[in-house]
$ cat coords_17.pdb   # PDB, C-alpha atoms and all ligand atoms
ATOM      1  CA  MET H   1     100.335 126.143  75.586
ATOM      2  CA  GLN H   2      96.609 126.835  75.685
ATOM      3  CA  VAL H   3      94.485 126.074  78.728
ATOM      4  CA  ILE H   4      90.881 125.384  77.762
ATOM      5  CA  LYS H   5      87.854 124.739  79.950
ATOM      6  CA  LYS H   6      85.069 124.415  77.362
ATOM      7  CA  ILE H   7      84.503 121.554  74.906
ATOM      8  CA  GLU H   8      83.390 123.912  72.131
ATOM      9  CA  GLU H   9      86.611 125.939  72.276
ATOM     10  CA  LEU H  10      88.656 122.737  72.499
ATOM     11  CA  ARG H  11      87.014 121.481  69.289
ATOM     12  CA  GLN H  12      87.944 124.676  67.453
ATOM     13  CA  VAL H  13      91.593 124.546  68.542
ATOM     14  CA  ILE H  14      91.897 120.849  67.708
ATOM     15  CA  GLY H  15      90.090 121.382  64.410
ATOM     16  CA  SER H  16      92.682 123.902  63.281
ATOM     17  CA  ALA H  17      95.574 121.671  64.433
ATOM     18  CA  LYS H  18      94.093 118.844  62.331
ATOM     19  CA  ARG H  19      93.661 121.133  59.324
ATOM     20  CA  GLU H  20      97.405 121.860  59.602
ATOM     21  CA  GLY H  21      97.944 118.110  59.237
ATOM     22  CA  LEU H  22      98.843 117.446  62.874
ATOM     23  CA  VAL H  23      98.057 114.129  64.555
ATOM     24  CA  VAL H  24      96.348 114.546  67.916
ATOM     25  CA  GLY H  25      97.463 112.575  70.980
ATOM     26  CA  LEU H  26      95.454 112.598  74.210
ATOM     27  CA  VAL H  27      96.871 112.029  77.684
ATOM     28  CA  PRO H  28      93.885 111.698  80.057
ATOM     29  CA  THR H  29      94.756 112.512  83.693
ATOM     30  CA  MET H  30      93.166 113.528  86.959
ATOM     31  CA  GLY H  31      96.005 115.975  87.636
ATOM     32  CA  ALA H  32      98.488 115.917  90.540
ATOM     33  CA  LEU H  33     100.960 115.166  87.786
ATOM     34  CA  HIS H  34     104.093 113.140  88.511
ATOM     35  CA  ASP H  35     106.827 111.565  86.404
ATOM     36  CA  GLY H  36     104.475 108.750  85.389
ATOM     37  CA  HIS H  37     102.246 111.312  83.662
ATOM     38  CA  ILE H  38     105.287 113.043  82.169
ATOM     39  CA  ALA H  39     106.281 109.694  80.628
ATOM     40  CA  LEU H  40     102.852 109.572  78.918
ATOM     41  CA  ILE H  41     103.321 113.120  77.630
ATOM     42  CA  ASN H  42     106.869 112.357  76.446
ATOM     43  CA  GLN H  43     105.625 109.321  74.570
ATOM     44  CA  SER H  44     102.952 111.396  72.841
ATOM     45  CA  ARG H  45     105.438 114.155  72.002
ATOM     46  CA  GLY H  46     107.985 111.555  70.869
ATOM     47  CA  ASN H  47     105.396 110.272  68.383
ATOM     48  CA  GLY H  48     105.120 113.819  67.041
ATOM     49  CA  ASP H  49     101.553 114.292  68.288
ATOM     50  CA  PHE H  50      99.806 117.581  68.890
ATOM     51  CA  THR H  51      99.542 116.718  72.588
ATOM     52  CA  VAL H  52      96.391 117.377  74.580
ATOM     53  CA  VAL H  53      96.446 116.660  78.332
ATOM     54  CA  SER H  54      93.101 116.503  80.107
ATOM     55  CA  ILE H  55      93.054 117.312  83.815
ATOM     56  CA  PHE H  56      89.756 116.349  85.398
ATOM     57  CA  VAL H  57      89.069 114.692  88.739
ATOM     58  CA  ASN H  58      86.182 112.581  87.523
ATOM     59  CA  PRO H  59      83.485 112.257  90.215
ATOM     60  CA  THR H  60      81.711 109.300  88.581
ATOM     61  CA  GLN H  61      84.658 106.937  89.101
ATOM     62  CA  PHE H  62      84.791 107.453  92.893
ATOM     63  CA  GLY H  63      82.533 105.496  95.249
ATOM     64  CA  PRO H  64      80.688 107.326  98.060
ATOM     65  CA  SER H  65      83.296 106.315 100.689
ATOM     66  CA  GLU H  66      86.312 106.989  98.445
ATOM     67  CA  ASP H  67      88.738 109.909  98.277
ATOM     68  CA  PHE H  68      87.070 112.232  95.726
ATOM     69  CA  ASP H  69      87.075 115.183  98.154
ATOM     70  CA  ARG H  70      90.647 114.788  99.324
ATOM     71  CA  TYR H  71      92.094 113.784  95.929
ATOM     72  CA  PRO H  72      95.044 116.183  95.376
ATOM     73  CA  ARG H  73      94.160 119.163  93.162
ATOM     74  CA  GLN H  74      97.033 121.418  92.111
ATOM     75  CA  LEU H  75      96.164 122.932  88.754
ATOM     76  CA  GLU H  76      98.794 125.700  88.777
ATOM     77  CA  SER H  77     101.762 123.388  89.344
ATOM     78  CA  ASP H  78     100.253 120.860  86.889
ATOM     79  CA  LEU H  79     100.127 123.579  84.222
ATOM     80  CA  GLU H  80     103.780 124.424  84.913
ATOM     81  CA  LYS H  81     104.732 120.759  84.437
ATOM     82  CA  CYS H  82     102.723 120.561  81.210
ATOM     83  CA  ARG H  83     104.369 123.713  79.873
ATOM     84  CA  ALA H  84     107.827 122.372  80.716
ATOM     85  CA  ALA H  85     106.985 119.060  79.010
ATOM     86  CA  GLY H  86     105.928 120.803  75.797
ATOM     87  CA  VAL H  87     102.194 120.069  75.940
ATOM     88  CA  ASP H  88     100.142 121.918  73.294
ATOM     89  CA  VAL H  89      96.753 122.086  75.030
ATOM     90  CA  VAL H  90      95.525 121.411  78.553
ATOM     91  CA  PHE H  91      91.818 120.676  78.769
ATOM     92  CA  ALA H  92      90.690 121.315  82.368
ATOM     93  CA  PRO H  93      86.890 121.347  82.394
ATOM     94  CA  ASP H  94      84.636 121.921  85.390
ATOM     95  CA  VAL H  95      82.356 119.091  86.499
ATOM     96  CA  SER H  96      79.357 120.934  84.993
ATOM     97  CA  GLU H  97      81.043 120.978  81.576
ATOM     98  CA  MET H  98      81.507 117.188  81.578
ATOM     99  CA  TYR H  99      78.295 116.315  83.412
ATOM    100  CA  PRO H 100      75.735 119.036  82.699
ATOM    101  CA  GLU H 101      72.300 119.064  84.322
ATOM    102  CA  GLY H 102      70.302 116.082  83.081
ATOM    103  CA  PHE H 103      73.334 113.942  82.162
ATOM    104  CA  GLY H 104      72.285 110.278  82.097
ATOM    105  CA  THR H 105      74.295 108.115  79.688
ATOM    106  CA  TYR H 106      76.987 105.718  80.923
ATOM    107  CA  VAL H 107      79.293 103.189  79.267
ATOM    108  CA  ASP H 108      79.216  99.755  80.862
ATOM    109  CA  VAL H 109      82.055  97.486  79.706
ATOM    110  CA  GLN H 110      81.080  93.972  80.738
ATOM    111  CA  GLY H 111      83.046  91.050  82.196
ATOM    112  CA  ILE H 112      86.502  92.454  82.743
ATOM    113  CA  THR H 113      85.108  95.282  84.915
ATOM    114  CA  GLU H 114      83.482  92.923  87.409
ATOM    115  CA  ILE H 115      86.664  91.412  88.867
ATOM    116  CA  PHE H 116      89.581  92.778  90.953
ATOM    117  CA  GLU H 117      89.278  96.605  91.045
ATOM    118  CA  GLY H 118      85.716  96.347  89.780
ATOM    119  CA  ALA H 119      84.759  94.037  92.645
ATOM    120  CA  PHE H 120      86.358  96.289  95.274
ATOM    121  CA  ARG H 121      85.230  99.583  93.707
ATOM    122  CA  GLN H 122      81.617  99.202  92.555
ATOM    123  CA  GLY H 123      80.872 101.452  89.576
ATOM    124  CA  HIS H 124      84.497 102.590  89.248
ATOM    125  CA  PHE H 125      85.055 101.358  85.690
ATOM    126  CA  ARG H 126      81.655 102.602  84.565
ATOM    127  CA  GLY H 127      82.820 106.082  85.586
ATOM    128  CA  VAL H 128      86.219 105.627  83.957
ATOM    129  CA  ALA H 129      84.802 104.295  80.675
ATOM    130  CA  THR H 130      82.186 107.047  80.557
ATOM    131  CA  VAL H 131      84.611 109.907  81.100
ATOM    132  CA  VAL H 132      87.167 108.432  78.693
ATOM    133  CA  ILE H 133      84.610 108.041  75.888
ATOM    134  CA  LYS H 134      83.485 111.626  76.546
ATOM    135  CA  LEU H 135      87.099 112.826  76.341
ATOM    136  CA  PHE H 136      87.543 110.855  73.115
ATOM    137  CA  ALA H 137      84.393 112.488  71.723
ATOM    138  CA  ALA H 138      85.605 115.963  72.699
ATOM    139  CA  VAL H 139      89.220 115.597  71.514
ATOM    140  CA  GLU H 140      88.882 113.000  68.733
ATOM    141  CA  PRO H 141      92.514 111.915  69.190
ATOM    142  CA  ARG H 142      94.318 109.514  66.861
ATOM    143  CA  ARG H 143      96.199 108.084  69.831
ATOM    144  CA  ALA H 144      95.551 108.012  73.583
ATOM    145  CA  TYR H 145      98.137 107.177  76.222
ATOM    146  CA  PHE H 146      97.466 105.129  79.354
ATOM    147  CA  GLY H 147      99.876 104.025  82.087
ATOM    148  CA  MET H 148     100.382 100.306  82.651
ATOM    149  CA  LYS H 149     100.244 100.918  86.411
ATOM    150  CA  ASP H 150      96.460 100.847  86.066
ATOM    151  CA  TYR H 151      96.626  97.589  84.137
ATOM    152  CA  GLN H 152      92.968  96.620  84.464
ATOM    153  CA  GLN H 153      91.905 100.134  83.454
ATOM    154  CA  LEU H 154      94.085  99.813  80.340
ATOM    155  CA  LYS H 155      92.399  96.514  79.436
ATOM    156  CA  VAL H 156      88.938  97.998  80.055
ATOM    157  CA  ILE H 157      89.686 100.940  77.743
ATOM    158  CA  GLU H 158      91.124  98.635  75.064
ATOM    159  CA  LYS H 159      87.968  96.514  75.226
ATOM    160  CA  MET H 160      85.691  99.546  75.102
ATOM    161  CA  VAL H 161      87.493 100.890  72.030
ATOM    162  CA  ARG H 162      87.274  97.469  70.322
ATOM    163  CA  ASP H 163      83.639  96.882  71.230
ATOM    164  CA  LEU H 164      82.465 100.355  70.196
ATOM    165  CA  ASN H 165      84.681 100.638  67.074
ATOM    166  CA  VAL H 166      86.276 103.817  68.361
ATOM    167  CA  ARG H 167      89.010 104.962  66.000
ATOM    168  CA  VAL H 168      91.715 105.640  68.618
ATOM    169  CA  ASP H 169      94.977 103.754  69.070
ATOM    170  CA  ILE H 170      95.494 102.993  72.746
ATOM    171  CA  VAL H 171      99.186 103.294  73.612
ATOM    172  CA  PRO H 172     100.264 101.568  76.862
ATOM    173  CA  VAL H 173     103.164 103.250  78.667
ATOM    174  CA  PRO H 174     105.342 101.367  81.200
ATOM    175  CA  THR H 175     105.039 102.207  84.896
ATOM    176  CA  VAL H 176     107.472 104.787  86.272
ATOM    177  CA  ARG H 177     108.861 103.877  89.686
ATOM    178  CA  GLU H 178     110.537 105.607  92.624
ATOM    179  CA  PRO H 179     114.145 104.503  93.394
ATOM    180  CA  ASP H 180     112.848 101.827  95.812
ATOM    181  CA  GLY H 181     110.423 100.521  93.181
ATOM    182  CA  LEU H 182     107.173 102.074  94.418
ATOM    183  CA  ALA H 183     105.009 102.838  91.391
ATOM    184  CA  MET H 184     104.407 106.557  90.996
ATOM    185  CA  SER H 185     100.841 107.475  91.892
ATOM    186  CA  SER H 186      99.053 110.668  92.849
ATOM    187  CA  ARG H 187      97.836 108.797  95.946
ATOM    188  CA  ASN H 188     101.376 108.210  97.300
ATOM    189  CA  VAL H 189     101.166 111.654  98.974
ATOM    190  CA  TYR H 190      98.654 110.194 101.446
ATOM    191  CA  LEU H 191     101.317 107.860 102.938
ATOM    192  CA  SER H 192     103.039 108.676 106.227
ATOM    193  CA  GLU H 193     106.805 108.063 106.399
ATOM    194  CA  GLU H 194     106.310 104.646 107.954
ATOM    195  CA  GLU H 195     103.582 103.713 105.461
ATOM    196  CA  ARG H 196     105.738 104.916 102.602
ATOM    197  CA  ARG H 197     108.493 102.509 103.711
ATOM    198  CA  ALA H 198     105.958  99.670 103.911
ATOM    199  CA  ALA H 199     104.688 100.515 100.417
ATOM    200  CA  ALA H 200     107.996  99.407  98.900
ATOM    201  CA  SER H 201     106.929  95.821  99.684
ATOM    202  CA  LEU H 202     104.615  95.827  96.632
ATOM    203  CA  TYR H 203     107.571  96.098  94.295
ATOM    204  CA  ARG H 204     109.565  93.571  96.341
ATOM    205  CA  ALA H 205     106.659  91.137  95.960
ATOM    206  CA  LEU H 206     106.418  91.702  92.202
ATOM    207  CA  ILE H 207     110.155  91.316  91.696
ATOM    208  CA  THR H 208     110.062  88.090  93.717
ATOM    209  CA  ALA H 209     107.516  86.774  91.210
ATOM    210  CA  LYS H 210     109.554  87.892  88.240
ATOM    211  CA  LYS H 211     112.754  86.304  89.591
ATOM    212  CA  ALA H 212     110.924  83.074  90.435
ATOM    213  CA  VAL H 213     110.009  82.772  86.757
ATOM    214  CA  ASP H 214     113.131  84.186  85.124
ATOM    215  CA  GLU H 215     115.814  82.793  87.420
ATOM    216  CA  GLU H 216     114.280  79.715  89.050
ATOM    217  CA  GLY H 217     112.146  78.612  86.104
ATOM    218  CA  ILE H 218     108.992  78.296  88.227
ATOM    219  CA  ALA H 219     105.912  78.177  86.000
ATOM    220  CA  ASP H 220     103.187  77.199  88.465
ATOM    221  CA  ALA H 221     101.030  80.276  88.989
ATOM    222  CA  GLU H 222      99.758  79.287  92.441
ATOM    223  CA  THR H 223     103.338  78.814  93.698
ATOM    224  CA  ILE H 224     104.191  82.277  92.428
ATOM    225  CA  ARG H 225     101.056  83.804  93.939
ATOM    226  CA  ARG H 226     101.949  82.340  97.359
ATOM    227  CA  MET H 227     105.470  83.752  97.112
ATOM    228  CA  VAL H 228     104.044  87.186  96.337
ATOM    229  CA  GLU H 229     101.572  86.948  99.190
ATOM    230  CA  SER H 230     104.238  85.949 101.705
ATOM    231  CA  VAL H 231     106.400  88.987 100.833
ATOM    232  CA  LEU H 232     103.374  91.229 101.415
ATOM    233  CA  LEU H 233     102.317  89.434 104.620
ATOM    234  CA  ALA H 234     105.807  90.012 106.066
ATOM    235  CA  GLU H 235     104.992  93.739 106.143
ATOM    236  CA  PRO H 236     102.627  94.304 109.118
ATOM    237  CA  LEU H 237     101.171  97.583 107.778
ATOM    238  CA  VAL H 238     100.007  95.969 104.540
ATOM    239  CA  GLN H 239      96.502  94.522 104.203
ATOM    240  CA  ILE H 240      95.969  92.575 100.997
ATOM    241  CA  ASP H 241      92.818  93.141  98.927
ATOM    242  CA  TYR H 242      94.026  90.780  96.236
ATOM    243  CA  ALA H 243      97.213  89.218  94.885
ATOM    244  CA  ALA H 244      96.585  87.240  91.718
ATOM    245  CA  VAL H 245      98.392  85.754  88.744
ATOM    246  CA  VAL H 246      96.224  86.253  85.678
ATOM    247  CA  ASP H 247      96.068  86.116  81.909
ATOM    248  CA  LYS H 248      97.483  89.299  80.310
ATOM    249  CA  GLU H 249      94.348  89.950  78.239
ATOM    250  CA  THR H 250      91.338  88.367  79.954
ATOM    251  CA  LEU H 251      92.591  88.842  83.533
ATOM    252  CA  GLN H 252      91.335  85.344  84.341
ATOM    253  CA  ILE H 253      93.372  83.324  86.870
ATOM    254  CA  VAL H 254      95.939  81.118  85.114
ATOM    255  CA  GLU H 255      97.503  77.842  86.195
ATOM    256  CA  SER H 256     100.814  78.345  84.426
ATOM    257  CA  VAL H 257     102.809  81.439  83.488
ATOM    258  CA  LYS H 258     104.572  79.678  80.598
ATOM    259  CA  ASN H 259     102.911  81.915  78.017
ATOM    260  CA  GLY H 260     103.287  85.044  80.118
ATOM    261  CA  ALA H 261     100.977  86.384  82.790
ATOM    262  CA  VAL H 262     100.489  89.436  84.920
ATOM    263  CA  VAL H 263     100.650  89.660  88.695
ATOM    264  CA  LEU H 264      97.949  92.027  89.961
ATOM    265  CA  LEU H 265      98.170  93.509  93.450
ATOM    266  CA  ALA H 266      95.923  95.726  95.519
ATOM    267  CA  VAL H 267      96.683  96.495  99.144
ATOM    268  CA  ARG H 268      95.643  98.912 101.835
ATOM    269  CA  ILE H 269      98.253 100.659 103.939
ATOM    270  CA  GLY H 270      96.533 102.695 106.617
ATOM    271  CA  SER H 271      93.762 104.535 104.782
ATOM    272  CA  THR H 272      95.558 104.456 101.426
ATOM    273  CA  ARG H 273      94.776 101.905  98.756
ATOM    274  CA  LEU H 274      97.598 101.086  96.333
ATOM    275  CA  ILE H 275      97.626  98.939  93.206
ATOM    276  CA  ASP H 276     100.523  97.659  91.145
ATOM    277  CA  ASN H 277     101.290  94.895  88.674
ATOM    278  CA  MET H 278     104.046  93.269  86.705
ATOM    279  CA  LEU H 279     104.187  91.186  83.573
ATOM    280  CA  ILE H 280     106.015  87.912  84.164
ATOM    281  CA  GLY H 281     107.216  85.202  81.828
ATOM    282  CA  VAL H 282     107.538  87.755  79.010
ATOM    283  CA  SER H 283     110.577  89.755  77.966
ATOM    284  CA  ASP H 284     109.048  93.235  77.545
ATOM    285  CA  LYS H 285     109.071  94.512  81.144
TER     286      LYS H 285
HETATM  287  O1  LIG I   1      93.924 106.972  85.253
HETATM  288  C1  LIG I   1      93.347 108.027  85.527
HETATM  289  O2  LIG I   1      93.962 109.006  85.960
HETATM  290  C2  LIG I   1      91.853 108.138  85.327
HETATM  291  O3  LIG I   1      91.209 106.951  85.638
HETATM  292  C3  LIG I   1      91.456 108.631  83.910
HETATM  293  C4  LIG I   1      91.869 107.621  82.853
HETATM  294  C5  LIG I   1      92.111 109.958  83.628
HETATM  295  C6  LIG I   1      89.940 108.796  83.826
HETATM  296  O4  LIG I   1      89.477 109.725  84.749
END
$ encode --input "coords_17.pdb" --output "structure tokens"
Amino acid sequence: MQVIKKIEELRQVIGSAKREGLVVGLVPTMGALHDGHIALINQSRGNGDFTVVSIFVNPTQFGPSEDFDRYPRQLESDLEKCRAAGVDVVFAPDVSEMYPEGFGTYVDVQGITEIFEGAFRQGHFRGVATVVIKLFAAVEPRRAYFGMKDYQQLKVIEKMVRDLNVRVDIVPVPTVREPDGLAMSSRNVYLSEEERRAAASLYRALITAKKAVDEEGIADAETIRRMVESVLLAEPLVQIDYAAVVDKETLQIVESVKNGAVVLLAVRIGSTRLIDNMLIGVSDK
């Protein structure tokens, strides 16, 4: 496994892999790798890709009062995990490599970035879209793998790729969960023991929605949203930012889940913000 910090060197290594006829798969990450990231890597490897993992805590996607400084950074153990998972190249640039002096071009995906996470985290998706397009330009992958845990991010990237005619297949990978259902996230390490217990309520809320549709045949989205909200409200440590039942593609609020929908959740537990989601009324999750 090669560990590369410079775009120029990365291009050379990827160029020779492509000349050998290999298909390049990119797994973009911010490090602090967990089993959710390993699932992305496994999917890429399972497709036979020459697998490139980027590890870069991207400053432009954090707001001024967010956790950029305390975001977990553990490059050595991340490299070990990548090696064990059979990654071909880790690209771990410094901030100055991605955003050199004088940098001033950003990607602004409209509409879908203004709601939910976009409304709570001003400028977040602009930072995400910008770094992802830069990673695509550096790696030129055939496929790129994104976790469904960050559902809105996945939809933003899909839209960006469509709108800008970027020749990359975006591969969504299902969320990996802890035994009690908590979605794996690098931010889970911030939770105290008590907060960690409270965090399991997100999954309980999502499963309540899924069962309401699958087992009770409820199709009214507002009824489902209220059920979700009441599971969350029963947990005193949880403060809801949003709980919504939305269209799978546009993320607009729906009235009925008959044709499938997604429940989007964002909560704060202490100083930690957690998001999760679940597709309902469809058979693939
Ligand atoms: O999902 C993440 O970890 C980040 O938002 C990403 C896609 C790596 C961009 O920094």
$ residues_around --input "coords_17.pdb" --residues "Val245 (chain H)" --least-positions-apart "5" --cutoff "10 Å" --atoms "only C-alpha atoms" --output "NGL selection string"
:H and (209 or 220-226 or 228 or 251-257 or 260-265 or 277-280)
$ atom_distance --input "coords_17.pdb" --atom1 "atom O1 of ligand LIG 1 (chain I)" --atom2 "CA of Tyr71 (chain H)"
12.8 Å
$ atom_distance --input "coords_17.pdb" --atom1 "CA of Pro236 (chain H)" --atom2 "CA of Ala200 (chain H)"
12.6 Å
$ resolve_selection --input "coords_17.pdb" --expression "the PyMOL selection byres (((chain H and resi 156) around 8) and not hetatm)" --output "list in words"
Val109, Ile112, Thr113, Phe125, Ala129, Gln152, Gln153, Leu154, Lys155, Ile157, Glu158, Lys159 and Met160 of chain H
$ resolve_selection --input "coords_17.pdb" --expression "the PyMOL selection byres (((not hetatm)) within 6 of (chain I and resi 1))" --output "ChimeraX atom specification"
/H:28-30,58,128,132
$ closest_residue --input "coords_17.pdb" --among "H:Thr51, H:Val3, H:Arg45, H:Pro93" --to "Glu76 (chain H)" --atoms "all atoms listed in the file"
H:Val3
$ atom_distance --input "coords_17.pdb" --atom1 "CA of Thr60 (chain H)" --atom2 "CA of Glu117 (chain H)"
15.0 Å
$ closest_residue --input "coords_17.pdb" --among "H:Ile115, H:Val176, H:Leu202, H:Val52" --to "Gly86 (chain H)" --atoms "all atoms listed in the file"
H:Val52
$ resolve_selection --input "coords_17.pdb" --expression "the PyMOL selection byres (((chain H and resi 6-17) around 9) and not hetatm)" --output "list in words"
Ile4, Lys5, Lys18, Arg19, Glu20, Gly21, Leu22, Val23, Val24, Phe50, Val52, Val89, Phe91, Ala92, Pro93, Asp94, Glu97, Met98, Ala138, Val139 and Glu140 of chain H
$ axis_aligned_box --input "coords_17.pdb" --around "region 110-121 of chain H" --padding-each-side "5 Å" --output "AutoDock Vina command-line options"
--center_x 85.3 --center_y 95.3 --center_z 88.0 --size_x 18.5 --size_y 18.5 --size_z 24.5
$ residues_around --input "coords_17.pdb" --residues "Val231 (chain H)" --least-positions-apart "6" --cutoff "10 Å" --atoms "only C-alpha atoms" --output "list in words"
Ser201, Leu202, Tyr203, Arg204, Ala205, Leu206, Thr208 and Ala209 of chain H
